[in-house]
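Just below is one structure, and these are the notes that go with it.
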Amino acid sequence: MCGIVGYIGEKNSIPILVEGLKRLEYRGYDSAGIAVISNDSKKATSIKSLGKVSKLEDKVEQTEIDLSSIGIAHTRWATHGEPSEPNAHPHFNKNKTLYLVHNGIVENYSEIKAKLTKDGYEFESETDTEVLVQLIDSFIKKGNTLLKSVRLAISEVTGTYGIAVISQTEPDKIIVAKKGSPLVIGIGNGEHFIASDVNALIGHTSRCIYLEDGEIVEVTKDKFAAHTIDDEDIKKEVEEISVELDAISKGDYPHYMLKEIYEQVNSVRDSFRGRILMDEGTAKLGGIERIAERIANSKRIVLSACGTSWHAGLVGEYMLEQFTGIPVEVDYASEFRYRNPIVDRKDSMFFISQSGETADTLAAMKEAKRRDALILGLCNVVGSSIARESEAGVYVHAGPEIGVASTKAFTSQLVVFALISVLVGRKRHLSLIDGQEILHELESLPKKIEQILKLNNQIEAIAEKFVNAQNFLYLGRGYNFPVALEGALKMKEISYIHAEGYPAAEMKHGPIALIDENMPVVFIAPKDSVYDKVITNIEEVKARKGRIIAIASENDTEIDKLVDYSIKIPDTIRMLMPILSVIPLQLLAYHVAVKKGLNVDQPRNLAKSVTVE
Ligand code: M6R
């Protein structure tokens, strides 16, 4: 949450900062701001705006600003203080000579604020961040350098931060520091870029360094010097960025979400490409190869995540239990560390995260580390915190996902769980033939996804009928129960319609009371081993006049007699069905939201990576 950008070099910093913010806008869009230092006068200026980056861009265009080749910028997801201009970053000291952008939370801000207030400091905003800039100012006033002042200030902070700081007193440098919130420095020729993630660096440079927690870096246009918080020098490893500009642009699609739904033909393929060993009926996953035996001998596997990634974990649980015979548990990362979880070194824990930055998932991972479990990451974003801090792991290779509603990352997570199930299963009791069947079916998925995407117009027409719905119920059984949860999450997060997912059989234990002619019920009802049971549930809804949409098998003509609308999808084996059955639900939510005139890529109150607890 919140995106940070910085630039120092020879070019005009402002367009670089604004473009960088646009690329990070998915991290928050409550307000935006920039601060730059003029090349001639060495004076700092700041412009802020409530709302989206485009508003800031308009304001910047209407303002005369000196040419400046150093600046910092921020797009905000509000935590402390409502979205407003005074609460927007960059925050500054009284003389407006020192500016700071921050991603994270200063937990002890009241304490620091009280101390500074006693020393005569006044505050203009309600944010925790302003406290930090004033604290740095207090150290500069005692004669310290900017670097030392930042170091002394962050030593007093409890909480999380990714910060970038500029000052008129030392106008040739940006100081950045990280604890708990991501920061990356892009290395150019005679210039450096700072960003919360590599998306903002693409097209500028392909070389970067990732900051680790507790690091503080002094960045000038020609060099950077990294230190620990205790002022020891650190040598950083330069890494390559492999993402191309195309991958983060919307292309001809009206929304990133639609683009990403359509990309699933390729992203699913990319997730298994080069990872299938058909002759041996197994998978090759380089990231966990050396510890695959240890996973296969685990007493238990625990999957921990939030949101859509947690739903992927539920499907993963079904797969892993069925094909490895190892007991599996799925835990909300946000709950994990607030109990006394029974986890030890005989357990393998997978932390699933598209962004690899989700604060709750990272925190759960740290707790599991303390308890000696084998820590594995299952991330999409390469070089993200979870990927870097796990002992081993598997990238899902879905490619950049920018729409706030997760789509292609989910289906890729499921592909990876299928591969892990085959790999670990083959080390236990899974037969060659069964392993090969799963792998053959995996290979057939991209074509089947193409077939499902051809139903887009039909799904759009169905969506039209439900634009005014107040509620939705999603029901599925077995492997399709997590799909019901995911379908409901997609609907509520982008269309703001209340939606709930349930195991179909649970309906009669309560939710059935909600059913009347105004309640749309989406059944995920492919022809599988629980089909007859789901049909019984459909009958129960029909008897109470609920409006039924069914996701059904392409050869199922019987179901049409029972339901109002059916969306027919190709068959596959049970474990892989969620990869297909979720796609019509993504499209349904998308079209309902578009028809309601909502911003599907940036739904209200949400951000793509939730880096606060
Ligand atoms: O990046 P992560 O996978 O860790 O994110 C977890 C959730 O915040 C995320 O899935 C969220 O629920 C999405 N908005 C769902 O579409």
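By order of appearance in the structure tokens: chains A, B, ..., then residues from 1 within every chain, and ligands from 1 in the order shown.
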Please identify the residues whose atoms come within 10 Å of ligand 1, using only C-alpha atoms and all ligand atoms, and report them as a PDB file with N, CA, C and O atoms, in the first residue's frame.
ATOM      1  N   SER A 304      -0.464 -20.846   3.997  1.00  0.00           N
ATOM      2  CA  SER A 304      -0.906 -19.621   4.655  1.00  0.00           C
ATOM      3  C   SER A 304      -0.926 -18.466   3.649  1.00  0.00           C
ATOM      4  O   SER A 304      -0.002 -18.323   2.841  1.00  0.00           O
ATOM      5  N   ALA A 305      -1.979 -17.657   3.695  1.00  0.00           N
ATOM      6  CA  ALA A 305      -2.136 -16.575   2.705  1.00  0.00           C
ATOM      7  C   ALA A 305      -3.318 -15.704   3.098  1.00  0.00           C
ATOM      8  O   ALA A 305      -3.970 -15.934   4.123  1.00  0.00           O
ATOM      9  N   CYS A 306      -3.604 -14.706   2.267  1.00  0.00           N
ATOM     10  CA  CYS A 306      -4.770 -13.829   2.450  1.00  0.00           C
ATOM     11  C   CYS A 306      -5.553 -13.744   1.137  1.00  0.00           C
ATOM     12  O   CYS A 306      -4.972 -13.921   0.058  1.00  0.00           O
ATOM     13  N   GLY A 307      -6.827 -13.412   1.251  1.00  0.00           N
ATOM     14  CA  GLY A 307      -7.656 -13.100   0.086  1.00  0.00           C
ATOM     15  C   GLY A 307      -7.676 -14.211  -0.946  1.00  0.00           C
ATOM     16  O   GLY A 307      -7.827 -15.399  -0.628  1.00  0.00           O
ATOM     17  N   THR A 308      -7.516 -13.806  -2.196  1.00  0.00           N
ATOM     18  CA  THR A 308      -7.550 -14.767  -3.296  1.00  0.00           C
ATOM     19  C   THR A 308      -6.470 -15.839  -3.142  1.00  0.00           C
ATOM     20  O   THR A 308      -6.702 -17.011  -3.447  1.00  0.00           O
ATOM     21  N   SER A 309      -5.313 -15.436  -2.650  1.00  0.00           N
ATOM     22  CA  SER A 309      -4.235 -16.427  -2.477  1.00  0.00           C
ATOM     23  C   SER A 309      -4.636 -17.476  -1.433  1.00  0.00           C
ATOM     24  O   SER A 309      -4.238 -18.639  -1.521  1.00  0.00           O
ATOM     25  N   TRP A 310      -5.429 -17.067  -0.459  1.00  0.00           N
ATOM     26  CA  TRP A 310      -5.934 -18.025   0.534  1.00  0.00           C
ATOM     27  C   TRP A 310      -6.903 -19.004  -0.147  1.00  0.00           C
ATOM     28  O   TRP A 310      -6.883 -20.201   0.129  1.00  0.00           O
ATOM     29  N   HIS A 311      -7.712 -18.488  -1.057  1.00  0.00           N
ATOM     30  CA  HIS A 311      -8.612 -19.390  -1.800  1.00  0.00           C
ATOM     31  C   HIS A 311      -7.799 -20.393  -2.617  1.00  0.00           C
ATOM     32  O   HIS A 311      -8.154 -21.571  -2.709  1.00  0.00           O
ATOM     33  N   ALA A 312      -6.699 -19.907  -3.209  1.00  0.00           N
ATOM     34  CA  ALA A 312      -5.832 -20.828  -3.957  1.00  0.00           C
ATOM     35  C   ALA A 312      -5.292 -21.897  -3.002  1.00  0.00           C
ATOM     36  O   ALA A 312      -5.183 -23.075  -3.358  1.00  0.00           O
ATOM     37  N   ALA A 333      -3.229 -15.999   6.992  1.00  0.00           N
ATOM     38  CA  ALA A 333      -1.976 -15.452   7.517  1.00  0.00           C
ATOM     39  C   ALA A 333      -2.264 -14.430   8.613  1.00  0.00           C
ATOM     40  O   ALA A 333      -1.525 -14.318   9.595  1.00  0.00           O
ATOM     41  N   PHE A 351       3.876 -20.119   1.887  1.00  0.00           N
ATOM     42  CA  PHE A 351       3.265 -18.786   2.003  1.00  0.00           C
ATOM     43  C   PHE A 351       2.944 -18.329   0.585  1.00  0.00           C
ATOM     44  O   PHE A 351       3.845 -18.181  -0.239  1.00  0.00           O
ATOM     45  N   ILE A 352       1.641 -18.169   0.343  1.00  0.00           N
ATOM     46  CA  ILE A 352       1.183 -17.910  -1.027  1.00  0.00           C
ATOM     47  C   ILE A 352       0.864 -16.426  -1.141  1.00  0.00           C
ATOM     48  O   ILE A 352       0.085 -15.891  -0.348  1.00  0.00           O
ATOM     49  N   SER A 353       1.444 -15.771  -2.148  1.00  0.00           N
ATOM     50  CA  SER A 353       1.172 -14.349  -2.302  1.00  0.00           C
ATOM     51  C   SER A 353       1.505 -13.901  -3.714  1.00  0.00           C
ATOM     52  O   SER A 353       2.624 -14.126  -4.179  1.00  0.00           O
ATOM     53  N   GLN A 354       0.529 -13.286  -4.371  1.00  0.00           N
ATOM     54  CA  GLN A 354       0.798 -12.733  -5.697  1.00  0.00           C
ATOM     55  C   GLN A 354       1.920 -11.709  -5.588  1.00  0.00           C
ATOM     56  O   GLN A 354       2.933 -11.811  -6.262  1.00  0.00           O
ATOM     57  N   SER A 355       1.710 -10.711  -4.736  1.00  0.00           N
ATOM     58  CA  SER A 355       2.655  -9.596  -4.646  1.00  0.00           C
ATOM     59  C   SER A 355       3.942  -9.974  -3.939  1.00  0.00           C
ATOM     60  O   SER A 355       4.982  -9.381  -4.174  1.00  0.00           O
ATOM     61  N   GLY A 356       3.830 -10.940  -3.022  1.00  0.00           N
ATOM     62  CA  GLY A 356       4.989 -11.271  -2.182  1.00  0.00           C
ATOM     63  C   GLY A 356       5.272 -10.194  -1.152  1.00  0.00           C
ATOM     64  O   GLY A 356       6.322 -10.197  -0.506  1.00  0.00           O
ATOM     65  N   GLU A 357       4.335  -9.262  -0.964  1.00  0.00           N
ATOM     66  CA  GLU A 357       4.562  -8.139  -0.042  1.00  0.00           C
ATOM     67  C   GLU A 357       3.481  -8.033   1.025  1.00  0.00           C
ATOM     68  O   GLU A 357       3.546  -7.121   1.854  1.00  0.00           O
ATOM     69  N   THR A 358       2.472  -8.886   0.995  1.00  0.00           N
ATOM     70  CA  THR A 358       1.355  -8.752   1.932  1.00  0.00           C
ATOM     71  C   THR A 358       1.856  -8.836   3.382  1.00  0.00           C
ATOM     72  O   THR A 358       2.483  -9.820   3.776  1.00  0.00           O
ATOM     73  N   ALA A 359       1.585  -7.779   4.137  1.00  0.00           N
ATOM     74  CA  ALA A 359       2.170  -7.660   5.481  1.00  0.00           C
ATOM     75  C   ALA A 359       1.770  -8.831   6.379  1.00  0.00           C
ATOM     76  O   ALA A 359       2.609  -9.374   7.105  1.00  0.00           O
ATOM     77  N   ASP A 360       0.492  -9.224   6.324  1.00  0.00           N
ATOM     78  CA  ASP A 360       0.043 -10.324   7.190  1.00  0.00           C
ATOM     79  C   ASP A 360       0.762 -11.624   6.840  1.00  0.00           C
ATOM     80  O   ASP A 360       1.125 -12.403   7.729  1.00  0.00           O
ATOM     81  N   THR A 361       0.949 -11.847   5.540  1.00  0.00           N
ATOM     82  CA  THR A 361       1.585 -13.102   5.114  1.00  0.00           C
ATOM     83  C   THR A 361       3.069 -13.094   5.509  1.00  0.00           C
ATOM     84  O   THR A 361       3.605 -14.106   5.979  1.00  0.00           O
ATOM     85  N   LEU A 362       3.694 -11.928   5.339  1.00  0.00           N
ATOM     86  CA  LEU A 362       5.103 -11.803   5.744  1.00  0.00           C
ATOM     87  C   LEU A 362       5.264 -12.035   7.249  1.00  0.00           C
ATOM     88  O   LEU A 362       6.186 -12.719   7.689  1.00  0.00           O
ATOM     89  N   LEU A 378       5.434 -19.064  -2.397  1.00  0.00           N
ATOM     90  CA  LEU A 378       4.753 -19.321  -3.677  1.00  0.00           C
ATOM     91  C   LEU A 378       4.257 -17.948  -4.158  1.00  0.00           C
ATOM     92  O   LEU A 378       3.179 -17.518  -3.810  1.00  0.00           O
ATOM     93  N   CYS A 379       5.130 -17.261  -4.868  1.00  0.00           N
ATOM     94  CA  CYS A 379       4.882 -15.851  -5.203  1.00  0.00           C
ATOM     95  C   CYS A 379       4.838 -15.641  -6.707  1.00  0.00           C
ATOM     96  O   CYS A 379       5.376 -16.435  -7.471  1.00  0.00           O
ATOM     97  N   ASN A 380       4.238 -14.521  -7.082  1.00  0.00           N
ATOM     98  CA  ASN A 380       4.255 -14.142  -8.496  1.00  0.00           C
ATOM     99  C   ASN A 380       5.356 -13.113  -8.758  1.00  0.00           C
ATOM    100  O   ASN A 380       6.092 -13.227  -9.729  1.00  0.00           O
ATOM    101  N   VAL A 381       5.453 -12.110  -7.874  1.00  0.00           N
ATOM    102  CA  VAL A 381       6.419 -11.032  -8.144  1.00  0.00           C
ATOM    103  C   VAL A 381       7.837 -11.487  -7.786  1.00  0.00           C
ATOM    104  O   VAL A 381       8.135 -11.815  -6.632  1.00  0.00           O
ATOM    105  N   ILE A 386       8.525 -11.827   0.257  1.00  0.00           N
ATOM    106  CA  ILE A 386       8.245 -13.211   0.673  1.00  0.00           C
ATOM    107  C   ILE A 386       9.153 -14.171  -0.100  1.00  0.00           C
ATOM    108  O   ILE A 386       9.710 -15.122   0.456  1.00  0.00           O
ATOM    109  N   GLU A 401       0.570  -8.560 -12.588  1.00  0.00           N
ATOM    110  CA  GLU A 401      -0.886  -8.440 -12.419  1.00  0.00           C
ATOM    111  C   GLU A 401      -1.133  -7.065 -11.810  1.00  0.00           C
ATOM    112  O   GLU A 401      -0.677  -6.780 -10.705  1.00  0.00           O
ATOM    113  N   GLY A 403      -4.422  -5.107 -12.236  1.00  0.00           N
ATOM    114  CA  GLY A 403      -5.788  -4.933 -11.739  1.00  0.00           C
ATOM    115  C   GLY A 403      -5.829  -5.343 -10.271  1.00  0.00           C
ATOM    116  O   GLY A 403      -5.208  -6.349  -9.892  1.00  0.00           O
ATOM    117  N   VAL A 404      -6.530  -4.560  -9.460  1.00  0.00           N
ATOM    118  CA  VAL A 404      -6.550  -4.868  -8.022  1.00  0.00           C
ATOM    119  C   VAL A 404      -7.180  -6.245  -7.759  1.00  0.00           C
ATOM    120  O   VAL A 404      -6.751  -6.985  -6.874  1.00  0.00           O
ATOM    121  N   ALA A 405      -8.194  -6.601  -8.552  1.00  0.00           N
ATOM    122  CA  ALA A 405      -8.810  -7.921  -8.376  1.00  0.00           C
ATOM    123  C   ALA A 405      -7.898  -8.975  -9.006  1.00  0.00           C
ATOM    124  O   ALA A 405      -7.586  -8.916 -10.188  1.00  0.00           O
ATOM    125  N   SER A 406      -7.491  -9.910  -8.194  1.00  0.00           N
ATOM    126  CA  SER A 406      -6.558 -10.933  -8.681  1.00  0.00           C
ATOM    127  C   SER A 406      -7.295 -11.941  -9.569  1.00  0.00           C
ATOM    128  O   SER A 406      -8.360 -12.441  -9.211  1.00  0.00           O
ATOM    129  N   THR A 407      -6.743 -12.219 -10.738  1.00  0.00           N
ATOM    130  CA  THR A 407      -7.381 -13.179 -11.666  1.00  0.00           C
ATOM    131  C   THR A 407      -6.363 -14.206 -12.138  1.00  0.00           C
ATOM    132  O   THR A 407      -6.367 -15.348 -11.710  1.00  0.00           O
ATOM    133  N   ALA A 409      -3.258 -14.498 -11.460  1.00  0.00           N
ATOM    134  CA  ALA A 409      -2.359 -15.027 -10.430  1.00  0.00           C
ATOM    135  C   ALA A 409      -3.010 -16.246  -9.767  1.00  0.00           C
ATOM    136  O   ALA A 409      -2.339 -17.235  -9.452  1.00  0.00           O
ATOM    137  N   PHE A 410      -4.347 -16.182  -9.578  1.00  0.00           N
ATOM    138  CA  PHE A 410      -5.068 -17.293  -8.937  1.00  0.00           C
ATOM    139  C   PHE A 410      -4.922 -18.573  -9.759  1.00  0.00           C
ATOM    140  O   PHE A 410      -4.533 -19.623  -9.230  1.00  0.00           O
ATOM    141  N   GLN A 413      -1.474 -19.885  -9.564  1.00  0.00           N
ATOM    142  CA  GLN A 413      -1.181 -20.514  -8.265  1.00  0.00           C
ATOM    143  C   GLN A 413      -1.702 -21.956  -8.254  1.00  0.00           C
ATOM    144  O   GLN A 413      -1.055 -22.870  -7.748  1.00  0.00           O
ATOM    145  N   GLU A 486     -14.117 -17.577  -4.188  1.00  0.00           N
ATOM    146  CA  GLU A 486     -13.388 -16.655  -5.058  1.00  0.00           C
ATOM    147  C   GLU A 486     -14.352 -15.864  -5.953  1.00  0.00           C
ATOM    148  O   GLU A 486     -14.181 -14.662  -6.153  1.00  0.00           O
ATOM    149  N   GLY A 487     -15.381 -16.549  -6.466  1.00  0.00           N
ATOM    150  CA  GLY A 487     -16.376 -15.862  -7.296  1.00  0.00           C
ATOM    151  C   GLY A 487     -17.058 -14.755  -6.502  1.00  0.00           C
ATOM    152  O   GLY A 487     -17.266 -13.642  -6.994  1.00  0.00           O
ATOM    153  N   LEU A 489     -15.850 -13.199  -3.825  1.00  0.00           N
ATOM    154  CA  LEU A 489     -14.887 -12.116  -3.538  1.00  0.00           C
ATOM    155  C   LEU A 489     -14.744 -11.194  -4.744  1.00  0.00           C
ATOM    156  O   LEU A 489     -14.739  -9.961  -4.611  1.00  0.00           O
ATOM    157  N   LYS A 490     -14.647 -11.799  -5.945  1.00  0.00           N
ATOM    158  CA  LYS A 490     -14.525 -10.968  -7.157  1.00  0.00           C
ATOM    159  C   LYS A 490     -15.730 -10.047  -7.268  1.00  0.00           C
ATOM    160  O   LYS A 490     -15.595  -8.861  -7.531  1.00  0.00           O
ATOM    161  N   MET A 491     -16.936 -10.600  -7.056  1.00  0.00           N
ATOM    162  CA  MET A 491     -18.150  -9.791  -7.216  1.00  0.00           C
ATOM    163  C   MET A 491     -18.154  -8.646  -6.203  1.00  0.00           C
ATOM    164  O   MET A 491     -18.387  -7.496  -6.559  1.00  0.00           O
ATOM    165  N   LYS A 492     -17.865  -8.957  -4.932  1.00  0.00           N
ATOM    166  CA  LYS A 492     -18.001  -7.867  -3.953  1.00  0.00           C
ATOM    167  C   LYS A 492     -16.906  -6.817  -4.104  1.00  0.00           C
ATOM    168  O   LYS A 492     -17.171  -5.622  -3.961  1.00  0.00           O
ATOM    169  N   GLU A 493     -15.689  -7.226  -4.417  1.00  0.00           N
ATOM    170  CA  GLU A 493     -14.628  -6.207  -4.403  1.00  0.00           C
ATOM    171  C   GLU A 493     -14.713  -5.232  -5.564  1.00  0.00           C
ATOM    172  O   GLU A 493     -14.319  -4.084  -5.428  1.00  0.00           O
ATOM    173  N   ILE A 494     -15.250  -5.666  -6.724  1.00  0.00           N
ATOM    174  CA  ILE A 494     -15.282  -4.686  -7.824  1.00  0.00           C
ATOM    175  C   ILE A 494     -16.675  -4.141  -8.127  1.00  0.00           C
ATOM    176  O   ILE A 494     -16.798  -3.091  -8.740  1.00  0.00           O
ATOM    177  N   GLN A 586     -15.009 -14.683 -12.971  1.00  0.00           N
ATOM    178  CA  GLN A 586     -14.218 -13.442 -13.110  1.00  0.00           C
ATOM    179  C   GLN A 586     -14.912 -12.521 -14.117  1.00  0.00           C
ATOM    180  O   GLN A 586     -15.069 -11.317 -13.881  1.00  0.00           O
ATOM    181  N   GLN A 602      -9.408  -0.150 -10.043  1.00  0.00           N
ATOM    182  CA  GLN A 602      -9.062   0.516  -8.775  1.00  0.00           C
ATOM    183  C   GLN A 602     -10.304   0.670  -7.914  1.00  0.00           C
ATOM    184  O   GLN A 602     -10.795   1.772  -7.688  1.00  0.00           O
ATOM    185  N   PRO A 603     -10.843  -0.446  -7.428  1.00  0.00           N
ATOM    186  CA  PRO A 603     -12.052  -0.345  -6.610  1.00  0.00           C
ATOM    187  C   PRO A 603     -11.802   0.455  -5.321  1.00  0.00           C
ATOM    188  O   PRO A 603     -10.673   0.491  -4.829  1.00  0.00           O
ATOM    189  N   LEU A 606      -9.567  -0.154  -1.709  1.00  0.00           N
ATOM    190  CA  LEU A 606      -8.648  -1.287  -1.849  1.00  0.00           C
ATOM    191  C   LEU A 606      -7.296  -0.856  -2.391  1.00  0.00           C
ATOM    192  O   LEU A 606      -7.153   0.234  -2.934  1.00  0.00           O
ATOM    193  N   ALA A 607      -6.318  -1.724  -2.254  1.00  0.00           N
ATOM    194  CA  ALA A 607      -5.022  -1.529  -2.908  1.00  0.00           C
ATOM    195  C   ALA A 607      -4.526  -2.905  -3.304  1.00  0.00           C
ATOM    196  O   ALA A 607      -4.943  -3.915  -2.726  1.00  0.00           O
ATOM    197  N   LYS A 608      -3.660  -2.929  -4.282  1.00  0.00           N
ATOM    198  CA  LYS A 608      -3.217  -4.224  -4.807  1.00  0.00           C
ATOM    199  C   LYS A 608      -2.403  -5.001  -3.791  1.00  0.00           C
ATOM    200  O   LYS A 608      -2.635  -6.179  -3.567  1.00  0.00           O
ATOM    201  N   SER A 609      -1.374  -4.352  -3.215  1.00  0.00           N
ATOM    202  CA  SER A 609      -0.631  -5.105  -2.204  1.00  0.00           C
ATOM    203  C   SER A 609      -0.865  -4.455  -0.858  1.00  0.00           C
ATOM    204  O   SER A 609      -0.649  -3.251  -0.687  1.00  0.00           O
ATOM    205  N   VAL A 610      -1.310  -5.287   0.068  1.00  0.00           N
ATOM    206  CA  VAL A 610      -1.725  -4.770   1.370  1.00  0.00           C
ATOM    207  C   VAL A 610      -0.528  -4.876   2.316  1.00  0.00           C
ATOM    208  O   VAL A 610      -0.341  -5.886   2.983  1.00  0.00           O
ATOM    209  N   THR A 611       0.265  -3.803   2.329  1.00  0.00           N
ATOM    210  CA  THR A 611       1.517  -3.870   3.081  1.00  0.00           C
ATOM    211  C   THR A 611       1.391  -3.311   4.495  1.00  0.00           C
ATOM    212  O   THR A 611       2.380  -2.979   5.120  1.00  0.00           O
TER     213      THR A 611
END
Inset, instruction - as a list in words, list the residues of stretch 74-151 of chain A assigned to strand (DSSP E or B) by DSSP on the backbone atoms of this structure. - result: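 Selecting the strand (DSSP E or B) positions of stretch 74-151 of chain A gives His74, Thr75, Arg76, His91, Phe92, Leu98, Tyr99, Leu100, Val101, His102, Asn103, Gly104, Ile105 and Val106 of chain A.
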Legend entry - Gap from atom CA of A:Val530 to atom CA of A:Ala552 - Å, one decimal: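 Atom CA of A:Ala552 lies at a distance of 12.6 Å from atom CA of A:Val530.
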Inset, instruction - Find the residues near stretch 441-446 of chain A: any atom within 8 Å, counting only C-alpha atoms, skip ones fewer than 4 places away on the same chain, and give them as a PyMOL selection string. - result: chain A and resi 264-266+268-269+272+415+437+450+572-573+576+580
Inset, instruction - Name the residues of stretch 173-385 of chain A that fall into alpha helix (DSSP H) according to DSSP on the backbone, using the chain letters and numbers of this document, as an MDAnalysis selection string. - result: chainID A and resid 256:262 264:272 292:296 307:324 333:336 359:370 385
Inset, instruction - Return the single residue from A:Asp270, A:Glu240, A:Glu19, A:Asp230 that is closest to A:Val382, with distances computed using only C-alpha atoms. - result: A:Glu240
Legend entry - Residues within 7 Å of stretch 80-94 of chain A, only C-alpha atoms, excluding chain neighbours under 5 positions, as number ranges by chain: A: 30-35, 48-50, 73-74, 99-101, 124-128, 130, 133-134, 137
Legend entry - Exercise: A:Lys52 partners within 6 Å, only C-alpha atoms, chain neighbours under 2 positions left out, as JSON, numbers by chain: {"A": [29, 31, 54, 55]}
Inset, instruction - For A:Ala593, list every protein, DNA or RNA residue within 8 Å, evaluated using only C-alpha atoms, and leave out those in the same chain fewer than 4 positions away; present the list as an NGL selection string. - result: :A and (467 or 491 or 494-495 or 589 or 597-600)
Proximity check stretch 376-493 of chain A to stretch 537-551 of chain A, 12 Å, nearest pairs one decimal Å, only C-alpha atoms, as a tab-separated table:
residue	atom	partner	partner_atom	distance
A:Ile452	CA	A:Ile551	CA	10.9
A:Leu455	CA	A:Ile551	CA	11.6
A:Ile459	CA	A:Ile549	CA	10.2
A:Ile462	CA	A:Ile549	CA	8.6
A:Ala463	CA	A:Ile549	CA	10.3
A:Lys465	CA	A:Arg547	CA	10.5
A:Phe466	CA	A:Arg547	CA	9.9
A:Ala469	CA	A:Arg547	CA	10.7
A:Asn471	CA	A:Arg547	CA	11.4
A:Phe472	CA	A:Arg547	CA	9.8
A:Leu473	CA	A:Ile548	CA	9.6
A:Tyr474	CA	A:Ile549	CA	9.4
A:Leu475	CA	A:Asn537	CA	9.0
A:Gly476	CA	A:Asn537	CA	9.8
A:Arg477	CA	A:Asn537	CA	10.5
A:Asn480	CA	A:Ile551	CA	10.4
A:Val483	CA	A:Ile551	CA	11.0
A:Ala484	CA	A:Ile551	CA	10.7
A:Gly487	CA	A:Ile551	CA	11.3
Inset, instruction - Fewer than 3 positions away in the same chain doesn't count, so skip those; otherwise give me all residues within 10 Å of A:Arg574, counting only C-alpha atoms, as a list in words. - result: Met319, Gly478, Tyr479, Asn480, Pro526, Lys527, Asp528, Ser529, Asp571, Met577 and Pro578 of chain A
Inset, instruction - Using only C-alpha atoms, pick whichever of A:Gly120, A:Gly287, A:Gly3, A:Gly316 has the shortest atom-to-atom distance to A:Asp197. - result: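 Of the candidates, the smallest distance to A:Asp197 is held by A:Gly3.
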Inset, instruction - Go ahead and compute the interatomic distance for atom CA of A:Ile515 and atom CA of A:Glu554, in Å to one decimal. - result: 27.2 Å
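Across the model, the gap from atom CA of A:Arg23 to atom CA of A:Asn199 is 6.3 Å.
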Inset, instruction - Find, counting only C-alpha atoms, the residue in A:Ile497, A:Ile375, A:Ile402, A:Met519 that gets nearest to A:Ala247. - result: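 Nearest to A:Ala247: A:Ile402.
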Legend entry - Option closest in space to A:Asn189, from A:Ala292, A:Ala153, A:Ile8, A:Ala418 [counting only C-alpha atoms]: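 For A:Asn189, the nearest of the given residues is A:Ile8.
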